[in-house]
file target.cif (mmCIF, C-alpha atoms and all ligand atoms)
data_data
#
loop_
_atom_site.label_atom_id
_atom_site.label_comp_id
_atom_site.auth_asym_id
_atom_site.auth_seq_id
_atom_site.Cartn_x
_atom_site.Cartn_y
_atom_site.Cartn_z
CA MET C 81 139.02 115.08 129.03
CA HIS C 82 140.85 114.24 125.80
CA PRO C 83 143.03 117.24 124.82
CA ALA C 84 141.45 117.39 121.34
CA LEU C 85 138.06 118.06 122.92
CA ARG C 86 139.06 120.58 125.57
CA PRO C 87 139.05 123.75 123.39
CA SER C 88 135.49 123.05 122.27
CA PHE C 89 134.35 122.49 125.84
CA GLU C 90 136.13 125.66 127.06
CA ALA C 91 134.36 127.59 124.31
CA VAL C 92 130.98 126.25 125.44
CA LEU C 93 131.72 127.39 129.02
CA GLN C 94 132.81 130.82 127.86
CA ARG C 95 129.98 131.43 125.38
CA ASN C 96 127.23 130.21 127.72
CA PRO C 97 128.06 131.70 131.14
CA GLY C 98 125.87 130.89 134.12
CA GLU C 99 124.31 127.78 132.57
CA PRO C 100 125.46 124.91 134.82
CA GLU C 101 122.89 122.34 133.67
CA PHE C 102 123.76 122.97 130.02
CA HIS C 103 127.49 122.66 130.80
CA GLN C 104 126.82 119.38 132.61
CA ALA C 105 124.93 117.89 129.65
CA VAL C 106 127.63 118.97 127.17
CA LEU C 107 130.42 117.66 129.41
CA GLU C 108 128.80 114.23 129.61
CA VAL C 109 128.65 113.95 125.81
CA MET C 110 132.19 115.29 125.35
CA LEU C 111 133.63 112.81 127.87
CA SER C 112 131.97 110.02 125.90
CA LEU C 113 133.77 111.09 122.72
CA ALA C 114 137.21 110.22 124.15
CA PRO C 115 137.38 106.75 122.55
CA ILE C 116 137.00 108.25 119.06
CA ALA C 117 139.05 111.43 119.54
CA ASP C 118 142.16 109.87 117.99
CA SER C 119 140.66 107.41 115.53
CA ARG C 120 137.88 109.66 114.16
CA PRO C 121 139.06 113.28 114.25
CA ASP C 122 136.35 114.06 111.68
CA TYR C 123 133.81 113.56 114.49
CA THR C 124 135.64 115.51 117.16
CA GLN C 125 137.10 118.45 115.28
CA TRP C 126 136.13 121.96 116.23
CA SER C 127 133.97 122.61 113.18
CA ILE C 128 131.47 119.86 113.95
CA LEU C 129 131.65 119.97 117.77
CA SER C 130 131.10 123.69 118.01
CA ARG C 131 128.15 123.50 115.60
CA ILE C 132 126.54 120.62 117.48
CA CYS C 133 126.79 122.58 120.77
CA GLU C 134 125.20 125.73 119.32
CA PRO C 135 121.38 125.72 119.07
CA GLU C 136 120.04 126.53 115.62
CA ARG C 137 117.60 129.01 117.16
CA GLN C 138 116.71 130.19 120.69
CA ILE C 139 113.42 131.97 121.30
CA ILE C 140 112.61 133.80 124.55
CA PHE C 141 109.33 135.65 124.93
CA ARG C 142 106.98 137.39 127.37
CA VAL C 143 103.87 135.52 128.51
CA PRO C 144 101.36 137.88 130.11
CA TRP C 145 98.20 136.44 131.67
CA THR C 146 95.49 137.38 134.15
CA ASP C 147 94.63 135.27 137.21
CA ASP C 148 91.10 134.62 138.54
CA ASP C 149 91.29 137.75 140.71
CA GLY C 150 92.14 139.97 137.76
CA VAL C 151 95.82 140.33 138.74
CA VAL C 152 98.25 140.46 135.80
CA HIS C 153 101.25 138.08 135.85
CA ILE C 154 104.27 138.08 133.57
CA ASN C 155 106.14 134.82 132.89
CA ARG C 156 108.94 134.00 130.53
CA GLY C 157 108.50 131.54 127.65
CA PHE C 158 111.27 129.59 125.93
CA ARG C 159 111.72 127.41 122.87
CA VAL C 160 115.22 126.23 122.04
CA GLU C 161 115.34 124.68 118.56
CA PHE C 162 118.60 122.84 118.94
CA ASN C 163 119.15 120.59 115.94
CA SER C 164 117.08 119.68 112.87
CA ALA C 165 119.57 117.44 111.04
CA LEU C 166 117.37 114.35 111.41
CA GLY C 167 113.90 115.90 111.25
CA PRO C 168 111.75 118.73 112.60
CA PHE C 169 112.71 119.94 116.07
CA LYS C 170 110.95 117.67 118.58
CA GLY C 171 110.71 117.83 122.35
CA GLY C 172 108.48 118.74 125.22
CA LEU C 173 107.41 121.88 127.04
CA ARG C 174 108.10 122.19 130.78
CA PHE C 175 106.06 124.48 133.04
CA HIS C 176 107.86 124.75 136.39
CA PRO C 177 109.13 127.70 138.46
CA SER C 178 112.73 126.43 138.15
CA VAL C 179 112.73 126.78 134.35
CA ASN C 180 115.43 129.03 132.89
CA LEU C 181 117.51 129.11 129.72
CA SER C 182 120.16 126.73 131.13
CA ILE C 183 117.58 124.06 131.94
CA ILE C 184 115.83 124.35 128.57
CA LYS C 185 119.17 124.18 126.74
CA PHE C 186 120.31 121.10 128.65
CA LEU C 187 117.01 119.39 127.93
CA ALA C 188 117.11 120.37 124.25
CA PHE C 189 120.73 119.21 123.89
CA GLU C 190 119.95 115.81 125.45
CA GLN C 191 116.85 115.57 123.29
CA VAL C 192 118.94 115.78 120.09
CA PHE C 193 120.83 112.56 120.91
CA LYS C 194 117.86 110.82 122.51
CA ASN C 195 115.75 111.43 119.43
CA ALA C 196 118.58 110.18 117.20
CA LEU C 197 118.72 106.98 119.26
CA THR C 198 115.03 106.26 118.70
CA GLY C 199 115.73 105.73 115.00
CA MET C 200 112.79 108.01 114.17
CA PRO C 201 113.10 111.05 111.84
CA ILE C 202 113.05 113.75 114.54
CA GLY C 203 115.44 116.55 115.46
CA GLY C 204 115.74 117.96 118.98
CA GLY C 205 114.28 120.93 120.82
CA LYS C 206 112.70 121.85 124.14
CA GLY C 207 110.69 124.69 125.59
CA GLY C 208 108.65 125.83 128.50
CA SER C 209 108.09 128.54 131.02
CA ASP C 210 108.85 129.50 134.62
CA PHE C 211 105.06 129.47 135.18
CA ASP C 212 104.06 127.49 138.30
CA PRO C 213 100.87 125.50 137.61
CA LYS C 214 100.60 124.36 141.26
CA GLY C 215 97.34 125.56 142.85
CA ARG C 216 96.12 127.28 139.66
CA SER C 217 92.51 126.83 138.48
CA ASP C 218 91.63 125.27 135.13
CA ALA C 219 90.66 128.71 133.83
CA GLU C 220 94.05 130.16 134.82
CA ILE C 221 95.89 127.26 133.18
CA MET C 222 93.84 127.80 130.02
CA ARG C 223 94.56 131.54 129.87
CA PHE C 224 98.25 130.92 130.46
CA CYS C 225 98.40 128.26 127.71
CA GLN C 226 96.54 130.54 125.28
CA SER C 227 98.93 133.41 125.93
CA PHE C 228 101.96 131.09 125.59
CA MET C 229 100.69 129.76 122.25
CA THR C 230 99.87 133.25 120.96
CA GLU C 231 103.62 133.75 120.62
CA LEU C 232 104.77 130.15 120.09
CA TYR C 233 102.46 129.42 117.13
CA ARG C 234 104.60 131.40 114.67
CA HIS C 235 107.64 129.22 115.40
CA ILE C 236 106.14 125.72 115.22
CA GLY C 237 104.53 123.44 112.63
CA GLU C 238 104.30 119.84 111.50
CA TYR C 239 107.45 120.24 109.37
CA THR C 240 109.26 122.76 111.59
CA ASP C 241 108.98 122.11 115.31
CA VAL C 242 106.62 119.77 117.17
CA PRO C 243 106.29 120.37 120.94
CA ALA C 244 104.77 117.94 123.46
CA GLY C 245 104.54 117.67 127.25
CA ASP C 246 107.13 117.45 130.01
CA ILE C 247 106.95 118.33 133.73
CA GLY C 248 103.81 120.44 134.33
CA VAL C 249 102.45 119.90 130.82
CA GLY C 250 100.04 116.98 130.34
CA GLY C 251 96.91 116.26 128.35
CA ARG C 252 94.97 119.23 129.72
CA GLU C 253 97.67 121.75 128.76
CA ILE C 254 98.24 120.18 125.32
CA GLY C 255 94.49 120.54 124.72
CA TYR C 256 94.47 124.26 125.52
CA LEU C 257 97.66 124.81 123.48
CA PHE C 258 96.29 122.92 120.47
CA GLY C 259 92.96 124.77 120.61
CA GLN C 260 94.69 128.14 120.54
CA TYR C 261 97.02 127.07 117.70
CA LYS C 262 94.02 125.95 115.65
CA ARG C 263 92.14 129.15 116.37
CA ILE C 264 95.02 131.46 115.40
CA THR C 265 96.08 129.57 112.27
CA ASN C 266 92.64 128.32 111.15
CA ARG C 267 94.29 124.96 110.41
CA TYR C 268 93.55 121.55 111.93
CA GLU C 269 97.19 120.61 111.84
CA SER C 270 97.18 117.51 114.09
CA GLY C 271 100.91 116.90 113.71
CA VAL C 272 101.91 120.24 115.27
CA LEU C 273 101.78 118.92 118.85
CA THR C 274 101.94 115.43 120.34
CA GLY C 275 100.38 114.09 123.51
CA LYS C 276 96.91 114.99 122.23
CA GLY C 277 93.68 113.41 123.48
CA LEU C 278 92.70 110.10 121.86
CA SER C 279 89.58 111.49 120.17
CA TRP C 280 91.39 114.40 118.49
CA GLY C 281 94.56 112.97 117.00
CA GLY C 282 96.38 111.52 120.01
CA SER C 283 98.09 108.14 120.03
CA GLN C 284 97.36 105.14 122.19
CA VAL C 285 100.20 104.48 124.68
CA ARG C 286 101.61 108.05 124.46
CA THR C 287 100.53 108.77 128.07
CA GLU C 288 102.08 105.54 129.33
CA SER C 289 105.09 105.46 127.02
CA THR C 290 107.88 107.17 128.99
CA GLY C 291 107.32 105.08 132.12
CA TYR C 292 106.60 101.85 130.21
CA GLY C 293 109.62 102.43 127.98
CA THR C 294 111.93 102.93 130.95
CA VAL C 295 110.81 99.60 132.41
CA PHE C 296 111.11 97.84 129.02
CA PHE C 297 114.67 99.18 128.83
CA ALA C 298 115.49 98.03 132.39
CA ALA C 299 114.04 94.60 131.50
CA GLU C 300 116.36 94.44 128.46
CA MET C 301 119.34 95.31 130.68
CA LEU C 302 118.39 92.52 133.08
CA ALA C 303 117.80 90.06 130.22
CA ALA C 304 121.34 90.77 129.00
CA ARG C 305 122.44 89.44 132.41
CA ASP C 306 120.05 86.47 132.29
CA GLU C 307 117.81 88.09 134.85
CA SER C 308 114.30 89.56 134.89
CA LEU C 309 112.17 91.94 136.92
CA GLU C 310 110.29 89.01 138.46
CA GLY C 311 110.63 89.25 142.25
CA LYS C 312 112.85 92.34 142.20
CA ARG C 313 112.50 95.17 144.73
CA VAL C 314 112.19 98.44 142.85
CA VAL C 315 112.30 102.06 144.03
CA VAL C 316 110.80 104.71 141.74
CA SER C 317 111.28 108.38 142.61
CA GLY C 318 108.57 110.85 141.66
CA SER C 319 104.81 110.28 141.40
CA GLY C 320 103.98 112.10 138.15
CA ASN C 321 103.33 110.73 134.69
CA VAL C 322 106.68 108.94 134.20
CA ALA C 323 106.78 107.44 137.71
CA THR C 324 103.15 106.26 137.69
CA TYR C 325 103.49 104.26 134.48
CA ALA C 326 106.93 102.95 135.43
CA ILE C 327 105.37 101.60 138.63
CA GLU C 328 102.48 100.06 136.66
CA LYS C 329 104.71 98.26 134.16
CA ALA C 330 107.30 97.15 136.74
CA GLN C 331 104.54 95.57 138.85
CA ALA C 332 102.99 94.00 135.73
CA LEU C 333 106.37 92.36 135.01
CA GLY C 334 106.50 90.85 138.49
CA ALA C 335 108.50 93.40 140.50
CA THR C 336 107.44 94.94 143.80
CA VAL C 337 107.72 98.72 143.80
CA VAL C 338 108.30 99.57 147.45
CA ALA C 339 108.67 103.37 147.36
CA CYS C 340 107.82 106.54 145.43
CA SER C 341 108.10 110.24 146.23
CA ASP C 342 106.94 113.82 145.68
CA SER C 343 108.41 117.21 146.53
CA ALA C 344 107.36 116.83 150.19
CA GLY C 345 108.86 113.39 150.96
CA TYR C 346 108.44 109.73 150.12
CA VAL C 347 106.35 106.69 151.04
CA VAL C 348 107.59 103.18 151.73
CA ASP C 349 105.05 100.46 151.13
CA GLU C 350 106.38 96.94 151.65
CA ASP C 351 103.23 95.42 150.15
CA GLY C 352 103.95 97.25 146.90
CA ILE C 353 102.57 100.64 145.83
CA ASP C 354 98.78 100.56 145.40
CA LEU C 355 98.47 102.29 142.02
CA ALA C 356 94.74 102.95 142.20
CA LEU C 357 95.22 104.82 145.48
CA LEU C 358 98.33 106.63 144.23
CA ARG C 359 96.47 107.84 141.12
CA ASP C 360 93.48 108.96 143.15
CA VAL C 361 95.74 110.98 145.51
CA LYS C 362 97.94 112.48 142.78
CA GLU C 363 95.82 112.80 139.65
CA VAL C 364 92.28 113.21 140.97
CA ARG C 365 92.67 114.91 144.36
CA ARG C 366 96.07 116.50 143.53
CA GLU C 367 97.20 115.93 147.15
CA ARG C 368 100.51 115.06 148.81
CA LEU C 369 101.72 111.50 149.42
CA THR C 370 100.90 111.93 153.12
CA ALA C 371 97.29 111.24 152.03
CA TYR C 372 98.45 107.92 150.52
CA ALA C 373 100.15 106.88 153.78
CA ASP C 374 97.10 107.95 155.85
CA GLU C 375 94.87 105.59 153.88
CA ARG C 376 97.20 102.60 153.46
CA PRO C 377 98.12 100.61 156.60
CA SER C 378 101.23 99.02 154.99
CA ALA C 379 102.70 102.45 154.07
CA THR C 380 104.80 104.91 156.02
CA HIS C 381 105.53 108.48 154.99
CA VAL C 382 109.00 109.99 155.47
CA ALA C 383 109.04 113.78 155.30
CA ASP C 384 112.77 114.31 155.33
CA GLY C 385 115.60 112.12 154.21
CA SER C 386 116.11 110.51 150.87
CA ILE C 387 114.09 107.91 148.97
CA TRP C 388 117.43 106.39 147.94
CA ASP C 389 117.87 105.18 151.55
CA VAL C 390 115.22 102.52 150.80
CA PRO C 391 117.02 99.24 149.95
CA CYS C 392 116.27 97.91 146.47
CA ASP C 393 117.61 95.83 143.57
CA VAL C 394 116.57 98.32 140.90
CA ALA C 395 116.36 102.13 141.16
CA LEU C 396 114.37 104.15 138.62
CA PRO C 397 114.82 107.90 139.19
CA CYS C 398 111.73 109.42 137.54
CA ALA C 399 111.43 112.84 139.22
CA THR C 400 113.78 115.55 137.93
CA GLN C 401 117.36 116.56 137.12
CA ASN C 402 120.14 116.08 139.69
CA GLU C 403 117.87 114.38 142.24
CA LEU C 404 120.32 111.51 142.87
CA GLU C 405 123.76 112.59 144.10
CA ALA C 406 126.98 110.69 144.90
CA GLU C 407 126.06 110.17 148.57
CA HIS C 408 122.73 108.63 147.51
CA ALA C 409 124.50 106.45 144.95
CA ARG C 410 126.85 105.17 147.66
CA VAL C 411 123.89 104.22 149.89
CA LEU C 412 122.20 102.43 146.96
CA VAL C 413 125.40 100.48 146.26
CA LYS C 414 125.83 99.60 149.94
CA ASN C 415 122.24 98.34 150.05
CA GLY C 416 122.87 96.06 147.07
CA ALA C 417 121.27 97.91 144.13
CA ARG C 418 122.41 96.39 140.83
CA LEU C 419 120.63 98.42 138.20
CA VAL C 420 119.72 102.09 137.71
CA ALA C 421 117.73 103.37 134.70
CA GLU C 422 116.88 107.07 134.37
CA GLY C 423 113.17 107.72 133.69
CA ALA C 424 113.69 111.47 134.18
CA ASN C 425 116.15 113.62 132.23
CA MET C 426 119.62 113.70 133.89
CA PRO C 427 118.39 112.77 137.41
CA CYS C 428 121.81 111.39 138.41
CA THR C 429 124.71 113.80 138.90
CA PRO C 430 127.99 112.93 137.10
CA GLU C 431 129.50 112.02 140.50
CA ALA C 432 126.63 109.60 141.16
CA VAL C 433 127.11 108.01 137.74
CA ALA C 434 130.82 107.56 138.56
CA VAL C 435 129.91 105.77 141.82
CA PHE C 436 127.66 103.35 139.89
CA ARG C 437 130.34 102.76 137.25
CA ASP C 438 133.03 102.03 139.85
CA ALA C 439 130.73 99.66 141.73
CA GLY C 440 129.74 97.74 138.58
CA VAL C 441 126.08 98.81 138.81
CA ALA C 442 124.40 98.69 135.38
CA PHE C 443 123.45 102.28 134.62
CA ALA C 444 121.29 103.57 131.74
CA PRO C 445 121.17 107.32 131.00
CA GLY C 446 117.83 109.01 130.32
CA LYS C 447 118.57 109.61 126.68
CA ALA C 448 118.37 105.86 126.19
CA ALA C 449 116.10 104.66 129.01
CA ASN C 450 113.39 107.34 128.76
CA ALA C 451 113.36 107.67 124.96
CA GLY C 452 110.07 105.74 124.77
CA GLY C 453 108.09 108.93 125.37
CA VAL C 454 109.41 110.85 122.42
CA ALA C 455 109.51 107.70 120.28
CA THR C 456 105.78 107.27 120.82
CA SER C 457 105.35 110.96 119.98
CA ALA C 458 106.99 110.15 116.65
CA LEU C 459 104.48 107.30 116.24
CA GLU C 460 101.73 109.85 116.93
CA MET C 461 103.18 112.06 114.16
CA GLN C 462 103.14 109.06 111.81
CA GLN C 463 99.47 108.38 112.58
CA ASN C 464 98.60 112.07 112.09
CA ALA C 465 100.42 112.20 108.74
CA SER C 466 98.46 109.19 107.47
CA ARG C 467 95.20 110.24 109.23
CA ASP C 468 95.19 106.86 110.93
CA SER C 469 94.95 105.59 114.49
CA TRP C 470 96.48 102.38 115.71
CA ALA C 471 95.33 99.94 118.40
CA PHE C 472 96.87 99.95 121.89
CA GLY C 473 98.49 96.52 121.55
CA TYR C 474 100.07 97.32 118.19
CA THR C 475 101.43 100.64 119.44
CA GLU C 476 102.79 99.09 122.63
CA ASP C 477 104.54 96.39 120.56
CA ARG C 478 106.14 99.14 118.46
CA LEU C 479 107.31 100.87 121.65
CA ARG C 480 108.72 97.62 123.05
CA SER C 481 110.67 96.90 119.89
CA ILE C 482 112.00 100.49 119.72
CA MET C 483 113.31 100.15 123.30
CA ARG C 484 114.87 96.79 122.41
CA ASP C 485 116.58 98.36 119.38
CA ILE C 486 117.91 101.26 121.48
CA HIS C 487 119.29 98.76 123.97
CA THR C 488 120.98 96.77 121.20
CA SER C 489 122.40 99.93 119.66
CA CYS C 490 123.86 101.07 123.03
CA VAL C 491 125.40 97.66 123.74
CA GLU C 492 126.88 97.23 120.25
CA THR C 493 128.20 100.79 120.02
CA ALA C 494 129.85 100.61 123.45
CA ALA C 495 131.52 97.32 122.53
CA ARG C 496 132.66 98.64 119.13
CA TYR C 497 134.44 101.57 120.74
CA GLY C 498 136.08 99.48 123.46
CA GLU C 499 133.75 100.39 126.34
CA PRO C 500 131.72 97.17 126.79
CA GLY C 501 128.85 97.47 129.26
CA SER C 502 128.81 101.29 129.28
CA TYR C 503 125.32 102.42 128.32
CA VAL C 504 126.48 106.04 128.75
CA MET C 505 129.21 105.64 126.14
CA GLY C 506 126.97 103.56 123.88
CA ALA C 507 124.06 106.01 123.96
CA ASN C 508 126.18 109.12 123.50
CA LEU C 509 128.36 107.71 120.73
CA ALA C 510 125.46 106.16 118.80
CA GLY C 511 123.38 109.36 119.04
CA TYR C 512 126.25 111.72 118.38
CA THR C 513 127.67 109.98 115.31
CA LYS C 514 124.23 109.72 113.70
CA VAL C 515 123.56 113.45 114.11
CA ALA C 516 127.10 114.42 113.08
CA ASP C 517 126.91 112.29 109.91
CA ALA C 518 123.65 113.98 108.87
CA MET C 519 125.03 117.45 109.61
CA VAL C 520 128.16 116.86 107.58
CA ALA C 521 126.09 115.50 104.66
CA GLN C 522 123.88 118.63 104.72
CA GLY C 523 126.85 121.02 104.53
CA VAL C 524 127.82 123.99 106.67
CA ILE C 525 124.41 125.43 107.61
N1 LIG U 601 109.41 115.50 127.33
C1 LIG U 601 109.63 114.17 126.85
C2 LIG U 601 111.12 113.87 126.81
O1 LIG U 601 111.84 114.33 127.65
C3 LIG U 601 108.90 113.86 125.56
C4 LIG U 601 109.11 114.81 124.43
C5 LIG U 601 108.18 114.56 123.24
O2 LIG U 601 107.36 113.67 123.28
O3 LIG U 601 108.34 115.29 122.26
O4 LIG U 601 111.62 113.15 125.99
#

call {"tool": "encode", "arguments": {"input": "target.cif", "output": "structure tokens"}}
result
Amino acid sequence: MHPALRPSFEAVLQRNPGEPEFHQAVLEVMLSLAPIADSRPDYTQWSILSRICEPERQIIFRVPWTDDDGVVHINRGFRVEFNSALGPFKGGLRFHPSVNLSIIKFLAFEQVFKNALTGMPIGGGKGGSDFDPKGRSDAEIMRFCQSFMTELYRHIGEYTDVPAGDIGVGGREIGYLFGQYKRITNRYESGVLTGKGLSWGGSQVRTESTGYGTVFFAAEMLAARDESLEGKRVVVSGSGNVATYAIEKAQALGATVVACSDSAGYVVDEDGIDLALLRDVKEVRRERLTAYADERPSATHVADGSIWDVPCDVALPCATQNELEAEHARVLVKNGARLVAEGANMPCTPEAVAVFRDAGVAFAPGKAANAGGVATSALEMQQNASRDSWAFGYTEDRLRSIMRDIHTSCVETAARYGEPGSYVMGANLAGYTKVADAMVAQGVI
């Protein structure tokens, strides 16, 4: 690391002990600042760096709820409002047993720069709970969401902080959260949450946008090399919202998606993933991928091992953080992969990213490649503010052009700072300088 940056990074380590994911996210951004450490000390001096690494506000609260048998459970709720220089705090809520302050802070920190890259007027935040929705009834999910919102409502608002979904939070949860917000506040404030249902203030394409956006971004990366997705072998990890729509768009653009995964293993399907069957297994029946393999003659299920063993041209990690490590990256390189775009947040470890860089594999970090989700949330906010709703085709065109603009911004920024071809450098430097400029303009607050 550049010596000018080290004291700020040491301070982050010391002030935030026991938060490895947050340290990892900060380290990645700090390493990207090296090219400007000498030429632009105004961007890398302590006063701006230490402010950008300190959340504006961190809220932790108790979430009590009662299960269907009358047993009381206590979970922990979080909302980290990281940076509002560019607009109201914006970012999803994650319900997963692994959630802790470190994970929410890393997600919120990444969100700040991702949201800046979209070009939309949104700051960055993230929240969630260590609640495990797996196996819970609708009624239990509803009671949990109502209890969560009974505390969260006082911290959010159309002009303050606008949550949305993430892992474990989809349309059903946003519905219960919105209903409770409306009941407590007695206000139909559509713009307080995004990811809403289409008949009550939601936006077309929001459900599809993270996965579609990731594939649009990968297509831009290929186009920059005079290639396309046509005929490419693609592996997509995960089988949730991001993965499903990444598979759909990749296949629509002529690729064959030959594998996807869940927490119990992965399936390989040389004929290409059958999306209708995948959706039925995952979204309707809420079963494991073994059910997919049982019903599809061309598919095999692998219970242990890694999905990254499956040879492919393009890898789209769309499951969760740190799912793709250096050893997996080496196998991907050996098998001829040429492009990796992160649909999830920080799915590749720093060591894996280094393997891709050294092997000349085009690599796009999540804050660029998966920004389509939050960008479409910002389009939802626009529609809510004007009490309008746009057609699917128009909204998808807006998403496509936002992803194209993010790609251009990454490529141009990387080249300007002497790191041509590095999407990591381009994304971090473009996002960081935009946020830093706004913070400086707004004074020491
Ligand atoms: N959770 C998504 C992300 O990681 C979307 C956030 C939003 O729409 O506010 O960007």

call {"tool": "closest_residue", "arguments": {"input": "target.cif", "among": "C:Pro135, C:Gly171, C:Gly248, C:Gly352", "to": "Ile525 (chain C)", "atoms": "all atoms listed in the file"}}
result
C:Pro135

call {"tool": "residues_around", "arguments": {"input": "target.cif", "residues": "Gly320 (chain C)", "least_positions_apart": "2", "cutoff": "8 Å", "atoms": "only C-alpha atoms", "output": "NGL selection string"}}
result
:C and (318 or 322-324 or 362 or 399)

call {"tool": "residues_around", "arguments": {"input": "target.cif", "residues": "Gly282 (chain C)", "least_positions_apart": "6", "cutoff": "10 Å", "atoms": "all atoms listed in the file", "output": "list in words"}}
result
Gly251, Ser270, Gly271, Leu273, Thr274, Gly275, Lys276, Ser457, Leu459, Glu460, Met461, Gln463, Asn464 and Ser469 of chain C

call {"tool": "closest_atom_pairs", "arguments": {"input": "target.cif", "of": "chain C", "to": "ligand LIG 601 (chain U)", "cutoff": "6 Å", "atoms": "only C-alpha atoms and all ligand atoms", "output": "Markdown table"}}
result
| residue | atom | partner | partner_atom | distance |
| --- | --- | --- | --- | --- |
| C:Lys170 | CA | U:LIG601 | O3 | 5.1 |
| C:Gly171 | CA | U:LIG601 | O3 | 3.5 |
| C:Gly172 | CA | U:LIG601 | N1 | 4.0 |
| C:Pro243 | CA | U:LIG601 | O3 | 5.6 |
| C:Ala244 | CA | U:LIG601 | O3 | 4.6 |
| C:Gly245 | CA | U:LIG601 | N1 | 5.3 |
| C:Asp246 | CA | U:LIG601 | N1 | 4.0 |
| C:Ala451 | CA | U:LIG601 | O4 | 5.8 |
| C:Gly453 | CA | U:LIG601 | C3 | 5.0 |
| C:Val454 | CA | U:LIG601 | O2 | 3.6 |
| C:Ser457 | CA | U:LIG601 | O2 | 4.7 |

call {"tool": "residues_around", "arguments": {"input": "target.cif", "residues": "Val160 (chain C)", "least_positions_apart": "4", "cutoff": "6 Å", "atoms": "all atoms listed in the file", "output": "list in words"}}
result
Gln138, Gly205, Lys206 and Gly207 of chain C

call {"tool": "residues_around", "arguments": {"input": "target.cif", "residues": "Cys340 (chain C)", "least_positions_apart": "4", "cutoff": "9 Å", "atoms": "all atoms listed in the file", "output": "list of chain:residue names"}}
result
C:Val315, C:Val316, C:Ser317, C:Gly318, C:Ser319, C:Ala323, C:Ile327, C:Gly345, C:Tyr346, C:Val347, C:Val348, C:Asp349, C:Ile353, C:Leu369, C:Ile387

call {"tool": "write_last_selection", "arguments": {"input": "target.cif", "atoms": "C-alpha atoms", "output": "PDB file, keeping the file's coordinate frame"}}
result
ATOM      1  CA  VAL C 315     112.300 102.060 144.030  1.00  0.00           C
ATOM      2  CA  VAL C 316     110.800 104.710 141.740  1.00  0.00           C
ATOM      3  CA  SER C 317     111.280 108.380 142.610  1.00  0.00           C
ATOM      4  CA  GLY C 318     108.570 110.850 141.660  1.00  0.00           C
ATOM      5  CA  SER C 319     104.810 110.280 141.400  1.00  0.00           C
ATOM      6  CA  ALA C 323     106.780 107.440 137.710  1.00  0.00           C
ATOM      7  CA  ILE C 327     105.370 101.600 138.630  1.00  0.00           C
ATOM      8  CA  GLY C 345     108.860 113.390 150.960  1.00  0.00           C
ATOM      9  CA  TYR C 346     108.440 109.730 150.120  1.00  0.00           C
ATOM     10  CA  VAL C 347     106.350 106.690 151.040  1.00  0.00           C
ATOM     11  CA  VAL C 348     107.590 103.180 151.730  1.00  0.00           C
ATOM     12  CA  ASP C 349     105.050 100.460 151.130  1.00  0.00           C
ATOM     13  CA  ILE C 353     102.570 100.640 145.830  1.00  0.00           C
ATOM     14  CA  LEU C 369     101.720 111.500 149.420  1.00  0.00           C
ATOM     15  CA  ILE C 387     114.090 107.910 148.970  1.00  0.00           C
TER      16      ILE C 387
END

call {"tool": "closest_residue", "arguments": {"input": "target.cif", "among": "C:Tyr261, C:Trp280, C:Phe211, C:Phe102", "to": "Ile184 (chain C)", "atoms": "all atoms listed in the file"}}
result
C:Phe102

call {"tool": "closest_residue", "arguments": {"input": "target.cif", "among": "C:Lys214, C:Tyr497, C:Ala442, C:Phe158", "to": "Asp118 (chain C)", "atoms": "only C-alpha atoms"}}
result
C:Tyr497

call {"tool": "atom_distance", "arguments": {"input": "target.cif", "atom1": "CA of Gly199 (chain C)", "atom2": "CA of Gln125 (chain C)"}}
result
24.9 Å

call {"tool": "closest_residue", "arguments": {"input": "target.cif", "among": "C:Val285, C:Ala339, C:Glu403, C:Val524", "to": "Tyr474 (chain C)", "atoms": "all atoms listed in the file"}}
result
C:Val285

call {"tool": "atom_distance", "arguments": {"input": "target.cif", "atom1": "CA of Ser289 (chain C)", "atom2": "CA of Leu479 (chain C)"}}
result
7.4 Å

call {"tool": "closest_residue", "arguments": {"input": "target.cif", "among": "C:Ala299, C:Val382, C:Pro391, C:Arg437", "to": "Glu499 (chain C)", "atoms": "all atoms listed in the file"}}
result
C:Arg437

call {"tool": "residues_around", "arguments": {"input": "target.cif", "residues": "Trp388 (chain C)", "least_positions_apart": "5", "cutoff": "8 Å", "atoms": "all atoms listed in the file", "output": "list in words"}}
result
Val315, Leu404, His408, Ala409, Val411 and Leu412 of chain C

call {"tool": "write_last_selection", "arguments": {"input": "target.cif", "atoms": "C-alpha atoms", "output": "PDB file, in the frame of the given file"}}
result
ATOM      1  CA  VAL C 315     112.300 102.060 144.030  1.00  0.00           C
ATOM      2  CA  LEU C 404     120.320 111.510 142.870  1.00  0.00           C
ATOM      3  CA  HIS C 408     122.730 108.630 147.510  1.00  0.00           C
ATOM      4  CA  ALA C 409     124.500 106.450 144.950  1.00  0.00           C
ATOM      5  CA  VAL C 411     123.890 104.220 149.890  1.00  0.00           C
ATOM      6  CA  LEU C 412     122.200 102.430 146.960  1.00  0.00           C
TER       7      LEU C 412
END

call {"tool": "closest_residue", "arguments": {"input": "target.cif", "among": "C:Val420, C:Arg484, C:Met519, C:Gly277", "to": "Ala304 (chain C)", "atoms": "only C-alpha atoms"}}
result
C:Arg484

call {"tool": "atom_distance", "arguments": {"input": "target.cif", "atom1": "CA of Met81 (chain C)", "atom2": "CA of Asp517 (chain C)"}}
result
22.8 Å

call {"tool": "residues_near_point", "arguments": {"input": "target.cif", "point": "(115.2, 122.7, 112.3)", "cutoff": "8 Å", "atoms": "all atoms listed in the file", "output": "MDAnalysis selection string"}}
result
chainID C and resid 136 161:165 167:169 203 240:241
